[in-house]
>>> print(open('upload12.cif').read())   # mmCIF, C-alpha atoms and all ligand atoms
data_work
#
loop_
_atom_site.label_atom_id
_atom_site.label_comp_id
_atom_site.auth_asym_id
_atom_site.auth_seq_id
_atom_site.Cartn_x
_atom_site.Cartn_y
_atom_site.Cartn_z
CA MET J 1 0.00 0.00 0.00
CA LYS J 2 1.14 3.48 -0.84
CA LYS J 3 2.43 5.42 2.13
CA LYS J 4 0.17 8.27 3.28
CA ILE J 5 0.99 11.15 5.56
CA VAL J 6 -1.51 13.69 6.86
CA THR J 7 0.03 17.06 7.68
CA LYS J 8 -1.51 19.76 9.81
CA PHE J 9 0.00 23.23 9.74
CA GLY J 10 -0.65 25.61 12.62
CA GLY J 11 -1.48 29.30 12.35
CA SER J 12 2.06 30.63 12.55
CA SER J 13 3.13 28.11 9.87
CA LEU J 14 0.64 29.74 7.48
CA ALA J 15 0.71 33.34 8.68
CA ASP J 16 1.88 34.92 5.40
CA SER J 17 3.00 34.16 1.85
CA GLY J 18 6.57 33.36 2.95
CA GLN J 19 5.20 30.70 5.29
CA PHE J 20 2.97 29.33 2.50
CA ARG J 21 6.11 28.82 0.41
CA LYS J 22 7.82 26.94 3.23
CA VAL J 23 4.78 24.70 3.57
CA LYS J 24 4.81 23.91 -0.14
CA GLU J 25 8.49 22.96 0.03
CA ILE J 26 7.85 20.67 2.98
CA LEU J 27 5.02 18.96 1.11
CA GLU J 28 7.13 18.53 -1.99
CA MET J 29 9.92 16.89 0.00
CA ASP J 30 7.78 13.77 0.47
CA PRO J 31 5.10 12.69 -2.02
CA ALA J 32 3.42 10.68 0.74
CA ARG J 33 2.29 14.02 2.20
CA MET J 34 -1.06 13.99 0.41
CA TYR J 35 -3.42 15.64 2.85
CA VAL J 36 -3.10 19.03 4.47
CA VAL J 37 -5.16 20.47 7.31
CA PRO J 38 -4.49 24.20 7.72
CA SER J 39 -5.25 26.52 10.63
CA ALA J 40 -6.22 30.15 10.09
CA PRO J 41 -3.30 32.61 9.69
CA GLY J 42 -1.69 33.18 13.08
CA ARG J 43 0.71 35.81 14.37
CA ARG J 44 3.55 36.95 12.10
CA PHE J 45 5.37 38.67 14.94
CA ASP J 46 4.92 39.36 18.66
CA GLY J 47 1.87 41.50 19.20
CA ASP J 48 0.33 40.64 15.81
CA ASP J 49 -3.31 39.53 15.61
CA LYS J 50 -4.51 36.01 14.96
CA ILE J 51 -7.18 35.95 12.27
CA THR J 52 -9.43 33.77 14.45
CA ASP J 53 -9.35 36.40 17.21
CA LEU J 54 -10.23 39.13 14.71
CA LEU J 55 -13.15 37.10 13.40
CA TYR J 56 -14.52 36.56 16.89
CA ARG J 57 -14.11 40.29 17.45
CA CYS J 58 -16.20 41.09 14.35
CA HIS J 59 -18.92 38.83 15.64
CA ARG J 60 -18.89 40.42 19.12
CA MET J 61 -18.95 43.93 17.72
CA GLN J 62 -21.78 43.12 15.34
CA ALA J 63 -23.79 41.66 18.25
CA ALA J 64 -23.09 44.79 20.31
CA GLY J 65 -24.17 47.04 17.45
CA GLU J 66 -20.65 48.43 16.97
CA ASP J 67 -18.88 49.13 13.71
CA TRP J 68 -16.56 46.22 12.84
CA GLN J 69 -15.64 47.22 9.26
CA GLU J 70 -12.12 48.23 10.22
CA THR J 71 -11.45 44.90 11.88
CA PHE J 72 -12.84 43.08 8.88
CA ASP J 73 -10.62 45.12 6.59
CA LEU J 74 -7.58 43.91 8.56
CA ILE J 75 -8.67 40.33 7.99
CA ALA J 76 -9.33 40.92 4.29
CA ALA J 77 -5.94 42.60 3.85
CA ARG J 78 -4.11 39.60 5.37
CA TYR J 79 -5.70 37.21 2.87
CA MET J 80 -5.42 39.63 -0.06
CA ASP J 81 -1.67 39.98 0.61
CA ILE J 82 -1.17 36.23 0.54
CA ALA J 83 -3.27 35.82 -2.62
CA GLU J 84 -1.52 38.65 -4.45
CA GLU J 85 2.01 37.70 -3.44
CA LEU J 86 1.44 34.11 -4.51
CA GLU J 87 -0.52 35.15 -7.65
CA LEU J 88 -3.49 32.96 -6.79
CA LYS J 89 -6.51 32.62 -9.05
CA VAL J 90 -9.19 32.14 -6.42
CA ASN J 91 -11.91 34.81 -6.40
CA LEU J 92 -11.09 36.04 -2.93
CA ARG J 93 -13.00 39.33 -3.18
CA GLU J 94 -16.23 37.48 -3.80
CA GLU J 95 -15.61 35.10 -0.88
CA LEU J 96 -14.78 37.98 1.46
CA GLU J 97 -17.88 39.88 0.39
CA ARG J 98 -20.09 36.88 1.09
CA ILE J 99 -18.58 36.51 4.57
CA ARG J 100 -18.97 40.23 5.26
CA GLU J 101 -22.66 40.01 4.38
CA LYS J 102 -23.20 36.97 6.56
CA ILE J 103 -21.56 38.62 9.58
CA ALA J 104 -23.71 41.71 9.00
CA ALA J 105 -26.78 39.47 8.92
CA GLY J 106 -25.90 38.16 12.39
CA ALA J 107 -24.09 34.88 11.61
CA SER J 108 -23.08 32.78 14.64
CA ALA J 109 -19.71 33.09 16.41
CA ASP J 110 -18.78 29.61 15.19
CA TYR J 111 -19.53 30.51 11.59
CA CYS J 112 -17.49 33.71 11.82
CA ALA J 113 -14.48 31.98 13.45
CA SER J 114 -14.55 29.08 11.00
CA ARG J 115 -14.00 31.40 8.04
CA GLY J 116 -10.36 31.77 9.09
CA GLU J 117 -9.63 28.14 8.26
CA TYR J 118 -12.04 28.10 5.33
CA LEU J 119 -10.31 30.96 3.50
CA ASN J 120 -6.82 29.75 4.36
CA GLY J 121 -7.72 26.31 3.05
CA MET J 122 -9.00 27.81 -0.22
CA LEU J 123 -5.82 29.80 -0.72
CA LEU J 124 -3.58 26.87 0.13
CA ALA J 125 -5.45 24.51 -2.20
CA ASP J 126 -5.10 27.06 -5.00
CA PHE J 127 -1.38 27.53 -4.30
CA LEU J 128 -0.69 23.78 -4.24
CA GLY J 129 -3.04 22.93 -7.11
CA TRP J 130 -4.84 20.46 -4.81
CA ARG J 131 -8.50 19.77 -4.21
CA PHE J 132 -10.27 21.86 -1.57
CA MET J 133 -12.47 19.60 0.56
CA ASP J 134 -14.70 21.84 2.67
CA ALA J 135 -14.87 20.54 6.25
CA GLU J 136 -18.65 21.10 6.12
CA LYS J 137 -18.84 18.06 3.82
CA VAL J 138 -16.74 15.73 5.96
CA VAL J 139 -16.77 16.74 9.65
CA PHE J 140 -20.03 16.21 11.55
CA PHE J 141 -21.41 17.23 14.91
CA ASN J 142 -24.75 16.20 16.38
CA ALA J 143 -27.51 18.69 17.21
CA GLU J 144 -25.96 19.30 20.65
CA GLY J 145 -22.60 20.09 19.09
CA VAL J 146 -20.93 16.81 20.11
CA PHE J 147 -18.48 15.55 17.52
CA ASP J 148 -19.90 12.55 15.61
CA SER J 149 -16.78 10.52 15.04
CA GLU J 150 -18.35 7.53 13.32
CA LYS J 151 -20.38 9.47 10.74
CA THR J 152 -17.37 11.67 10.10
CA ASN J 153 -15.10 8.69 9.62
CA VAL J 154 -17.42 6.94 7.17
CA VAL J 155 -18.16 10.01 5.03
CA MET J 156 -14.63 11.35 5.08
CA MET J 157 -13.18 7.97 4.19
CA ALA J 158 -15.51 7.71 1.19
CA LEU J 159 -14.89 11.26 -0.07
CA LEU J 160 -11.12 11.01 0.23
CA ALA J 161 -10.91 7.44 -1.10
CA ASP J 162 -9.97 8.55 -4.62
CA GLY J 163 -6.49 9.37 -3.33
CA LEU J 164 -6.44 12.92 -4.73
CA PRO J 165 -4.19 15.20 -2.70
CA SER J 166 -6.56 17.36 -0.68
CA VAL J 167 -6.75 20.33 1.65
CA VAL J 168 -9.28 19.96 4.49
CA PRO J 169 -9.60 23.14 6.57
CA GLY J 170 -9.29 22.55 10.32
CA PHE J 171 -11.37 23.59 13.33
CA TYR J 172 -14.95 23.32 12.05
CA GLY J 173 -17.64 21.04 10.70
CA VAL J 174 -21.40 21.01 10.37
CA LYS J 175 -24.43 20.22 12.54
CA PRO J 176 -27.47 18.29 11.24
CA ASP J 177 -29.36 21.57 10.61
CA GLY J 178 -26.59 22.67 8.26
CA SER J 179 -25.09 25.26 10.61
CA VAL J 180 -21.34 25.51 11.07
CA HIS J 181 -19.91 24.34 14.37
CA THR J 182 -16.34 24.53 15.65
CA PHE J 183 -14.19 22.52 18.03
CA SER J 184 -12.70 24.41 20.98
CA ARG J 185 -9.77 26.76 20.37
CA GLY J 186 -6.77 25.07 18.80
CA GLY J 187 -9.12 22.50 17.27
CA SER J 188 -7.40 22.18 13.90
CA ASP J 189 -5.17 19.62 15.63
CA ILE J 190 -8.29 17.52 16.08
CA THR J 191 -9.30 17.81 12.42
CA GLY J 192 -5.79 16.67 11.43
CA ALA J 193 -6.09 13.60 13.63
CA ILE J 194 -9.55 12.84 12.23
CA VAL J 195 -8.29 13.00 8.65
CA ALA J 196 -5.34 10.76 9.58
CA ARG J 197 -7.72 8.18 10.96
CA ALA J 198 -10.09 8.36 7.96
CA VAL J 199 -7.40 7.88 5.31
CA LYS J 200 -5.56 5.31 7.45
CA ALA J 201 -2.44 7.42 7.34
CA ASP J 202 0.91 5.94 8.26
CA THR J 203 1.78 9.11 10.14
CA TYR J 204 0.10 12.29 11.32
CA GLU J 205 2.56 15.17 11.10
CA ASN J 206 1.66 18.20 13.18
CA TRP J 207 3.74 21.14 11.92
CA THR J 208 4.11 24.06 14.27
CA ASP J 209 6.69 26.65 15.32
CA VAL J 210 8.62 24.57 17.85
CA SER J 211 10.78 21.51 17.31
CA GLY J 212 8.66 19.19 19.41
CA PHE J 213 8.13 18.84 23.12
CA LEU J 214 10.63 19.86 25.73
CA MET J 215 11.34 17.80 28.83
CA ALA J 216 10.41 20.74 31.05
CA ASP J 217 9.05 24.27 30.79
CA PRO J 218 11.89 26.46 29.44
CA ARG J 219 10.73 29.31 31.67
CA ILE J 220 11.72 27.15 34.63
CA VAL J 221 14.59 24.99 33.38
CA ARG J 222 17.23 26.63 31.21
CA ASN J 223 17.56 24.97 27.79
CA PRO J 224 15.67 21.78 28.57
CA ARG J 225 16.31 18.84 26.29
CA GLU J 226 13.86 17.95 23.56
CA ILE J 227 11.84 14.78 23.84
CA SER J 228 12.61 12.68 20.79
CA ALA J 229 9.92 10.07 21.41
CA ILE J 230 7.03 9.79 23.83
CA THR J 231 4.07 7.43 24.19
CA TYR J 232 0.48 8.68 24.06
CA ALA J 233 0.03 7.64 27.69
CA GLU J 234 3.05 9.66 28.81
CA LEU J 235 1.91 12.65 26.81
CA ARG J 236 -1.53 12.41 28.35
CA GLU J 237 0.04 12.61 31.82
CA LEU J 238 2.22 15.57 30.87
CA SER J 239 -0.50 17.53 29.08
CA TYR J 240 -2.92 16.93 31.91
CA MET J 241 -0.31 18.59 34.07
CA GLY J 242 -0.19 21.62 31.86
CA ALA J 243 2.45 20.92 29.22
CA SER J 244 0.81 21.88 25.96
CA VAL J 245 1.75 21.90 22.32
CA LEU J 246 -1.08 19.81 20.98
CA HIS J 247 -4.82 20.07 21.60
CA GLU J 248 -5.53 17.36 24.12
CA ASP J 249 -8.50 15.91 22.21
CA ALA J 250 -6.31 15.54 19.14
CA MET J 251 -4.65 12.50 20.54
CA PHE J 252 -7.70 10.28 20.70
CA PRO J 253 -8.63 9.72 17.04
CA VAL J 254 -5.10 8.66 16.12
CA HIS J 255 -4.23 7.01 19.40
CA LYS J 256 -7.27 4.75 19.02
CA VAL J 257 -6.05 3.34 15.73
CA GLY J 258 -2.37 3.39 16.55
CA ILE J 259 -1.23 6.07 14.10
CA PRO J 260 1.93 7.80 15.30
CA THR J 261 1.95 11.60 15.49
CA ILE J 262 5.08 13.65 14.89
CA ILE J 263 5.45 17.24 16.04
CA ARG J 264 7.62 19.10 13.53
CA ASN J 265 8.86 22.66 13.06
CA THR J 266 7.89 24.44 9.83
CA ASN J 267 10.75 26.89 10.38
CA ASN J 268 13.28 24.11 10.93
CA PRO J 269 12.14 21.17 8.79
CA GLU J 270 15.43 19.31 9.18
CA HIS J 271 14.76 18.79 12.86
CA PRO J 272 13.24 15.33 13.52
CA GLY J 273 10.82 16.72 16.15
CA THR J 274 8.97 14.58 18.68
CA LEU J 275 7.46 11.22 17.80
CA ILE J 276 4.32 10.26 19.73
CA SER J 277 3.44 6.60 19.50
CA LEU J 278 1.35 3.95 21.22
CA THR J 279 4.34 1.87 22.25
CA LEU J 280 8.01 2.66 22.16
CA PRO J 281 11.09 0.69 23.04
CA VAL J 282 12.75 1.64 26.30
CA GLU J 283 16.26 2.18 25.07
CA PRO J 284 19.12 2.02 27.52
CA THR J 285 20.39 5.37 26.30
CA LEU J 286 17.17 7.12 27.31
CA PRO J 287 17.05 9.28 30.40
CA THR J 288 14.97 7.56 33.10
CA ILE J 289 12.35 10.24 32.81
CA THR J 290 10.59 11.54 29.72
CA GLY J 291 9.39 14.85 31.07
CA ILE J 292 8.27 16.90 34.04
CA ALA J 293 5.23 19.14 34.23
CA GLY J 294 3.15 20.64 36.95
CA ARG J 295 0.44 23.04 37.94
CA LYS J 296 0.04 25.46 40.77
CA ASP J 297 -2.84 26.47 42.99
CA PHE J 298 -4.42 23.29 44.25
CA SER J 299 -6.08 22.87 47.62
CA VAL J 300 -5.89 19.72 49.69
CA VAL J 301 -8.84 18.88 51.86
CA ALA J 302 -7.60 16.42 54.48
CA VAL J 303 -10.12 14.42 56.48
CA GLU J 304 -8.92 12.39 59.46
CA LYS J 305 -10.83 9.92 61.55
CA ALA J 306 -9.58 7.09 63.74
CA MET J 307 -10.56 3.68 62.36
CA MET J 308 -11.64 5.27 59.09
CA ASN J 309 -10.33 2.23 57.23
CA ALA J 310 -12.97 0.04 58.87
CA GLU J 311 -15.85 2.43 58.21
CA LEU J 312 -17.68 1.29 55.12
CA GLY J 313 -18.60 4.11 52.72
CA PHE J 314 -16.33 6.73 54.31
CA GLY J 315 -14.52 7.58 51.07
CA ARG J 316 -17.75 7.64 49.12
CA LYS J 317 -19.34 10.12 51.50
CA VAL J 318 -16.36 12.45 51.27
CA LEU J 319 -16.38 12.33 47.50
CA GLN J 320 -20.14 12.74 47.39
CA VAL J 321 -19.72 16.17 48.97
CA PHE J 322 -17.43 17.27 46.15
CA GLU J 323 -19.78 15.80 43.59
CA GLU J 324 -22.72 17.70 45.06
CA ALA J 325 -20.72 20.92 44.73
CA GLY J 326 -19.81 20.10 41.13
CA ILE J 327 -16.08 19.92 41.88
CA SER J 328 -14.05 17.13 40.30
CA PHE J 329 -11.06 15.87 42.21
CA GLU J 330 -7.56 15.46 40.81
CA HIS J 331 -6.00 13.05 43.28
CA MET J 332 -6.96 11.27 46.42
CA PRO J 333 -4.02 9.97 48.41
CA SER J 334 -5.10 8.12 51.54
CA GLY J 335 -3.53 6.92 54.77
CA ILE J 336 -4.87 4.43 57.28
CA ASP J 337 -6.91 7.01 59.12
CA SER J 338 -7.03 9.85 56.63
CA ILE J 339 -8.08 10.78 53.14
CA SER J 340 -6.87 13.84 51.27
CA VAL J 341 -8.79 15.15 48.33
CA VAL J 342 -6.82 17.35 45.97
CA VAL J 343 -8.92 19.84 44.02
CA SER J 344 -8.32 23.01 42.06
CA GLY J 345 -8.07 26.00 44.40
CA GLU J 346 -10.21 28.07 42.08
CA ALA J 347 -12.96 25.45 41.94
CA LEU J 348 -12.97 25.07 45.73
CA ALA J 349 -13.07 28.77 46.64
CA PRO J 350 -16.81 29.46 46.18
CA HIS J 351 -17.81 26.20 47.93
CA ARG J 352 -15.40 26.14 50.85
CA GLU J 353 -17.85 26.53 53.69
CA GLU J 354 -20.44 24.22 52.26
CA ILE J 355 -17.79 21.51 51.71
CA VAL J 356 -16.53 21.72 55.29
CA ARG J 357 -20.06 21.66 56.67
CA ARG J 358 -21.21 18.72 54.54
CA ILE J 359 -18.13 16.57 55.20
CA ALA J 360 -18.53 17.20 58.93
CA GLU J 361 -22.22 16.30 58.73
CA LEU J 362 -21.75 13.12 56.74
CA THR J 363 -18.58 11.69 58.25
CA GLN J 364 -18.07 13.21 61.73
CA PRO J 365 -14.31 13.39 61.27
CA ASP J 366 -11.74 13.90 64.04
CA SER J 367 -10.21 16.70 62.04
CA LEU J 368 -10.72 18.45 58.75
CA THR J 369 -8.09 20.79 57.37
CA ILE J 370 -7.67 22.62 54.11
CA HIS J 371 -4.20 23.33 52.85
CA ASP J 372 -4.14 25.89 50.02
CA HIS J 373 -1.57 27.01 47.46
CA MET J 374 -0.18 23.63 46.68
CA SER J 375 1.47 22.60 43.42
CA ILE J 376 1.28 19.22 41.86
CA ILE J 377 4.23 18.06 39.81
CA ALA J 378 4.30 14.93 37.69
CA THR J 379 7.55 13.27 36.73
CA VAL J 380 6.69 11.02 33.83
CA GLY J 381 8.65 8.27 32.14
CA ARG J 382 8.02 4.86 30.67
CA ALA J 383 11.56 3.86 31.65
CA MET J 384 10.76 4.39 35.31
CA VAL J 385 9.05 1.00 35.51
CA ASN J 386 12.28 -0.90 35.04
CA ASN J 387 14.35 1.42 37.13
CA CYS J 388 14.17 0.70 40.79
CA GLY J 389 14.94 3.53 43.10
CA THR J 390 13.45 6.28 40.91
CA ALA J 391 11.18 7.51 43.69
CA ALA J 392 14.06 7.46 46.15
CA ARG J 393 16.22 9.50 43.79
CA LEU J 394 13.43 11.96 43.20
CA LEU J 395 12.74 12.45 46.88
CA SER J 396 16.37 12.82 47.82
CA ALA J 397 16.86 15.40 45.04
CA MET J 398 13.94 17.32 46.49
CA SER J 399 15.26 17.05 50.01
CA ARG J 400 18.70 18.28 48.91
CA ALA J 401 16.94 21.28 47.38
CA GLY J 402 15.25 21.93 50.72
CA VAL J 403 11.75 21.19 49.45
CA ASN J 404 9.16 19.81 51.82
CA VAL J 405 7.12 17.04 50.16
CA ARG J 406 3.49 17.38 51.18
CA MET J 407 2.13 14.53 49.14
CA ILE J 408 3.40 11.70 46.98
CA ASP J 409 1.38 9.50 44.70
CA GLN J 410 2.49 6.92 42.19
CA GLY J 411 -0.07 5.88 39.61
CA SER J 412 -0.57 2.13 39.26
CA SER J 413 0.76 2.36 35.70
CA GLU J 414 4.13 3.31 37.19
CA LEU J 415 4.33 5.85 34.43
CA SER J 416 4.54 8.82 36.72
CA ILE J 417 5.36 9.93 40.23
CA ILE J 418 3.29 12.82 41.46
CA VAL J 419 4.41 15.06 44.28
CA GLY J 420 2.62 17.89 46.00
CA VAL J 421 4.65 20.84 47.27
CA ASP J 422 3.94 24.39 48.36
CA ASP J 423 3.47 26.78 45.43
CA ALA J 424 6.59 28.62 46.60
CA ASP J 425 8.65 25.45 45.93
CA PHE J 426 7.18 24.76 42.48
CA GLU J 427 10.08 25.99 40.33
CA LYS J 428 12.73 24.70 42.71
CA THR J 429 11.24 21.20 42.61
CA ILE J 430 11.13 21.03 38.83
CA GLN J 431 14.72 22.24 38.61
CA ALA J 432 15.90 19.73 41.21
CA VAL J 433 14.17 16.78 39.55
CA TYR J 434 15.38 17.79 36.10
CA SER J 435 18.99 18.08 37.16
CA GLU J 436 18.86 14.79 39.06
CA PHE J 437 17.65 12.79 36.07
CA VAL J 438 18.86 14.76 33.08
CA GLY J 439 21.80 16.73 34.31
N1 LIG E 1 -7.80 28.95 14.40
C1 LIG E 1 -8.33 28.27 15.55
C2 LIG E 1 -7.80 28.89 16.82
O1 LIG E 1 -7.10 29.90 16.77
C3 LIG E 1 -8.09 26.81 15.50
C4 LIG E 1 -6.65 26.40 15.39
O2 LIG E 1 -5.80 27.19 15.06
O3 LIG E 1 -6.37 25.20 15.61
O4 LIG E 1 -8.12 28.44 17.87
#
>>> encode(input="upload12.cif", output="structure tokens")
Amino acid sequence: MKKKIVTKFGGSSLADSGQFRKVKEILEMDPARMYVVPSAPGRRFDGDDKITDLLYRCHRMQAAGEDWQETFDLIAARYMDIAEELELKVNLREELERIREKIAAGASADYCASRGEYLNGMLLADFLGWRFMDAEKVVFFNAEGVFDSEKTNVVMMALLADGLPSVVPGFYGVKPDGSVHTFSRGGSDITGAIVARAVKADTYENWTDVSGFLMADPRIVRNPREISAITYAELRELSYMGASVLHEDAMFPVHKVGIPTIIRNTNNPEHPGTLISLTLPVEPTLPTITGIAGRKDFSVVAVEKAMMNAELGFGRKVLQVFEEAGISFEHMPSGIDSISVVVSGEALAPHREEIVRRIAELTQPDSLTIHDHMSIIATVGRAMVNNCGTAARLLSAMSRAGVNVRMIDQGSSELSIIVGVDDADFEKTIQAVYSEFVG
């Protein structure tokens, strides 16, 4: 079978005509790159506007009865520049006029935002000489706006089966009533993954403006190493903890069918980037850990009661209180006579009193304390399983750095070790763990 690669290019990769040229070169380097999913033009420089933001602004201003013509002119000029500089044939003026009229007639926010990808897809298809496959024909949501993966897969597979190189704009699709609906922000990543699944691609390449994932946040660790390969499960742990390059929902369509994703840099196409795959060998040359990520501002609600372990339903009652308040919990480390429930500080704030009252009512604890401003840091690595002593190393690195460990939790997958520390120790902990395992 012929090799097929689906490529998705982010907003900065397609921000102007120079970037369009780079994209074309990348596509021409490998004939297997037959499908492109573009985002809307992003920022060309710091402080520049993203087209999607401008489109949302037009919609807001229209709804508020304000004059949005100037904003729309900015959008039109960005596309006109690209079309003129690349000498494209597409009738852009007509398209822009139609969109202007629709916005003026009160089109939905989703419709307005989706035009960023729609127009960029049209221009790119024209520039490449490829077919433009409007996402409205191949990406479906149900009436409630939930993505319909099975219908999408069947229809998209059929429409792309002829093997013609195609451009499918990212971010949006259509609801049963024919109205345009979008994914959440950054959703072109999801469209790319959906196309990869439908055409049974060998690889899903996600082209952006960084050369893959870094082992730690560069604002905390100076020059962190790049991650050359990571499993979907590891990535899930890291992105849950706040590391983000890829839209989280973008992993599922490809993960499910075992298609590897590669994060590549449009501005440095020689760089191999980061490979994300279902399974990966644990090579002896790998560092023990794959990455570190964390988030600040959690609260820990600790409930203590002697003989709690023998009291049937104790944990359920505690959790029920959080459920009643609509707060989901992140972790729940427990001791013999205590349970701690870790929740987002922001989510807890408006319900504090009610939570304390209800837990006291339902469980009659010996003590109930809330500890705020705690960070949770996950050290993730598939190689940790075979490496005994990883937790010991991690804890002694933290103790050498003078960090007080308030909580430790190792998932049963042994893929990550999670520690809780005071927010003030957040950066110090990440630095200490990084230098212990990476150097
Ligand atoms: N253009 C959309 C956004 O800015 C979708 C995307 O770029 O993936 O969120």
>>> atom_distance(input="upload12.cif", atom1="atom CA of Gln431 of chain J", atom2="atom CA of Leu275 of chain J")
24.6 Å
>>> residues_around(input="upload12.cif", residues="Gln364 of chain J", least_positions_apart="6", cutoff="12 Å", atoms="all atoms listed in the file", output="PyMOL selection string")
chain J and resi 303-306+308+311+314+317-318+356-358
>>> residues_near_ligand(input="upload12.cif", ligand="ligand LIG 1 (chain E)", cutoff="8 Å", atoms="only C-alpha atoms and all ligand atoms", output="ChimeraX atom specification")
/J:10-11,39-42,50-53,113-114,116-117,170-171,183-190
>>> atom_distance(input="upload12.cif", atom1="atom CA of Leu92 of chain J", atom2="atom CA of Ala193 of chain J")
28.3 Å
>>> atom_distance(input="upload12.cif", atom1="atom CA of Thr285 of chain J", atom2="atom CA of Arg400 of chain J")
26.1 Å
>>> axis_aligned_box(input="upload12.cif", around="segment 253-265 of chain J", padding_each_side="5 Å", output="JSON")
{"center_x": 0.1, "center_y": 13.0, "center_z": 16.2, "size_x": 27.5, "size_y": 29.3, "size_z": 16.3}
>>> closest_residue(input="upload12.cif", among="J:Ile418, J:Met1, J:Ala109, J:Val168", to="Met34 of chain J", atoms="all atoms listed in the file")
J:Val168
>>> residues_around(input="upload12.cif", residues="segment 319-331 of chain J", least_positions_apart="2", cutoff="8 Å", atoms="only C-alpha atoms", output="PyMOL selection string")
chain J and resi 315-317+333+341-344+347-348+351+355+358-359
>>> closest_residue(input="upload12.cif", among="J:Leu27, J:Arg100, J:Ala302, J:Glu66", to="Ser166 of chain J", atoms="all atoms listed in the file")
J:Leu27
>>> residues_around(input="upload12.cif", residues="Arg197 of chain J", least_positions_apart="4", cutoff="9 Å", atoms="all atoms listed in the file", output="compact mmCIF listing (two decimals) with C-alpha atoms, in the coordinates of the input")
# COMPACT_ATOMS: atom_id res chain seq x y z
CA ASN J 153 -15.10 8.69 9.62
CA MET J 157 -13.18 7.97 4.19
CA GLY J 192 -5.79 16.67 11.43
CA ALA J 193 -6.09 13.60 13.63
CA ALA J 201 -2.44 7.42 7.34
CA TYR J 204 0.10 12.29 11.32
CA PRO J 253 -8.63 9.72 17.04
CA VAL J 254 -5.10 8.66 16.12
CA LYS J 256 -7.27 4.75 19.02
CA VAL J 257 -6.05 3.34 15.73
CA ILE J 259 -1.23 6.07 14.10
>>> residues_around(input="upload12.cif", residues="Ala158 of chain J", least_positions_apart="6", cutoff="10 Å", atoms="all atoms listed in the file", output="list of chain:residue names")
J:Val138, J:Thr152, J:Ala198, J:Val199
>>> decode(input="upload12.cif", residues="segment 18-52 of chain J", atoms="C-alpha atoms", output="PDB file, in the first residue's frame")
ATOM      1  CA  GLY J  18       6.567  33.359   2.945  1.00  0.00           C
ATOM      2  CA  GLN J  19       5.205  30.697   5.289  1.00  0.00           C
ATOM      3  CA  PHE J  20       2.969  29.328   2.496  1.00  0.00           C
ATOM      4  CA  ARG J  21       6.113  28.823   0.414  1.00  0.00           C
ATOM      5  CA  LYS J  22       7.822  26.936   3.230  1.00  0.00           C
ATOM      6  CA  VAL J  23       4.778  24.697   3.571  1.00  0.00           C
ATOM      7  CA  LYS J  24       4.813  23.908  -0.144  1.00  0.00           C
ATOM      8  CA  GLU J  25       8.492  22.956   0.034  1.00  0.00           C
ATOM      9  CA  ILE J  26       7.850  20.675   2.980  1.00  0.00           C
ATOM     10  CA  LEU J  27       5.017  18.964   1.112  1.00  0.00           C
ATOM     11  CA  GLU J  28       7.125  18.531  -1.994  1.00  0.00           C
ATOM     12  CA  MET J  29       9.916  16.893   0.000  1.00  0.00           C
ATOM     13  CA  ASP J  30       7.783  13.768   0.472  1.00  0.00           C
ATOM     14  CA  PRO J  31       5.098  12.692  -2.021  1.00  0.00           C
ATOM     15  CA  ALA J  32       3.421  10.682   0.738  1.00  0.00           C
ATOM     16  CA  ARG J  33       2.286  14.019   2.202  1.00  0.00           C
ATOM     17  CA  MET J  34      -1.059  13.987   0.407  1.00  0.00           C
ATOM     18  CA  TYR J  35      -3.423  15.644   2.855  1.00  0.00           C
ATOM     19  CA  VAL J  36      -3.097  19.033   4.473  1.00  0.00           C
ATOM     20  CA  VAL J  37      -5.158  20.469   7.309  1.00  0.00           C
ATOM     21  CA  PRO J  38      -4.494  24.199   7.716  1.00  0.00           C
ATOM     22  CA  SER J  39      -5.253  26.517  10.633  1.00  0.00           C
ATOM     23  CA  ALA J  40      -6.216  30.152  10.091  1.00  0.00           C
ATOM     24  CA  PRO J  41      -3.302  32.606   9.695  1.00  0.00           C
ATOM     25  CA  GLY J  42      -1.687  33.181  13.077  1.00  0.00           C
ATOM     26  CA  ARG J  43       0.715  35.807  14.373  1.00  0.00           C
ATOM     27  CA  ARG J  44       3.545  36.948  12.101  1.00  0.00           C
ATOM     28  CA  PHE J  45       5.372  38.671  14.939  1.00  0.00           C
ATOM     29  CA  ASP J  46       4.923  39.358  18.662  1.00  0.00           C
ATOM     30  CA  GLY J  47       1.867  41.502  19.199  1.00  0.00           C
ATOM     31  CA  ASP J  48       0.331  40.641  15.812  1.00  0.00           C
ATOM     32  CA  ASP J  49      -3.305  39.528  15.614  1.00  0.00           C
ATOM     33  CA  LYS J  50      -4.512  36.007  14.963  1.00  0.00           C
ATOM     34  CA  ILE J  51      -7.178  35.950  12.274  1.00  0.00           C
ATOM     35  CA  THR J  52      -9.431  33.775  14.450  1.00  0.00           C
TER      36      THR J  52
END
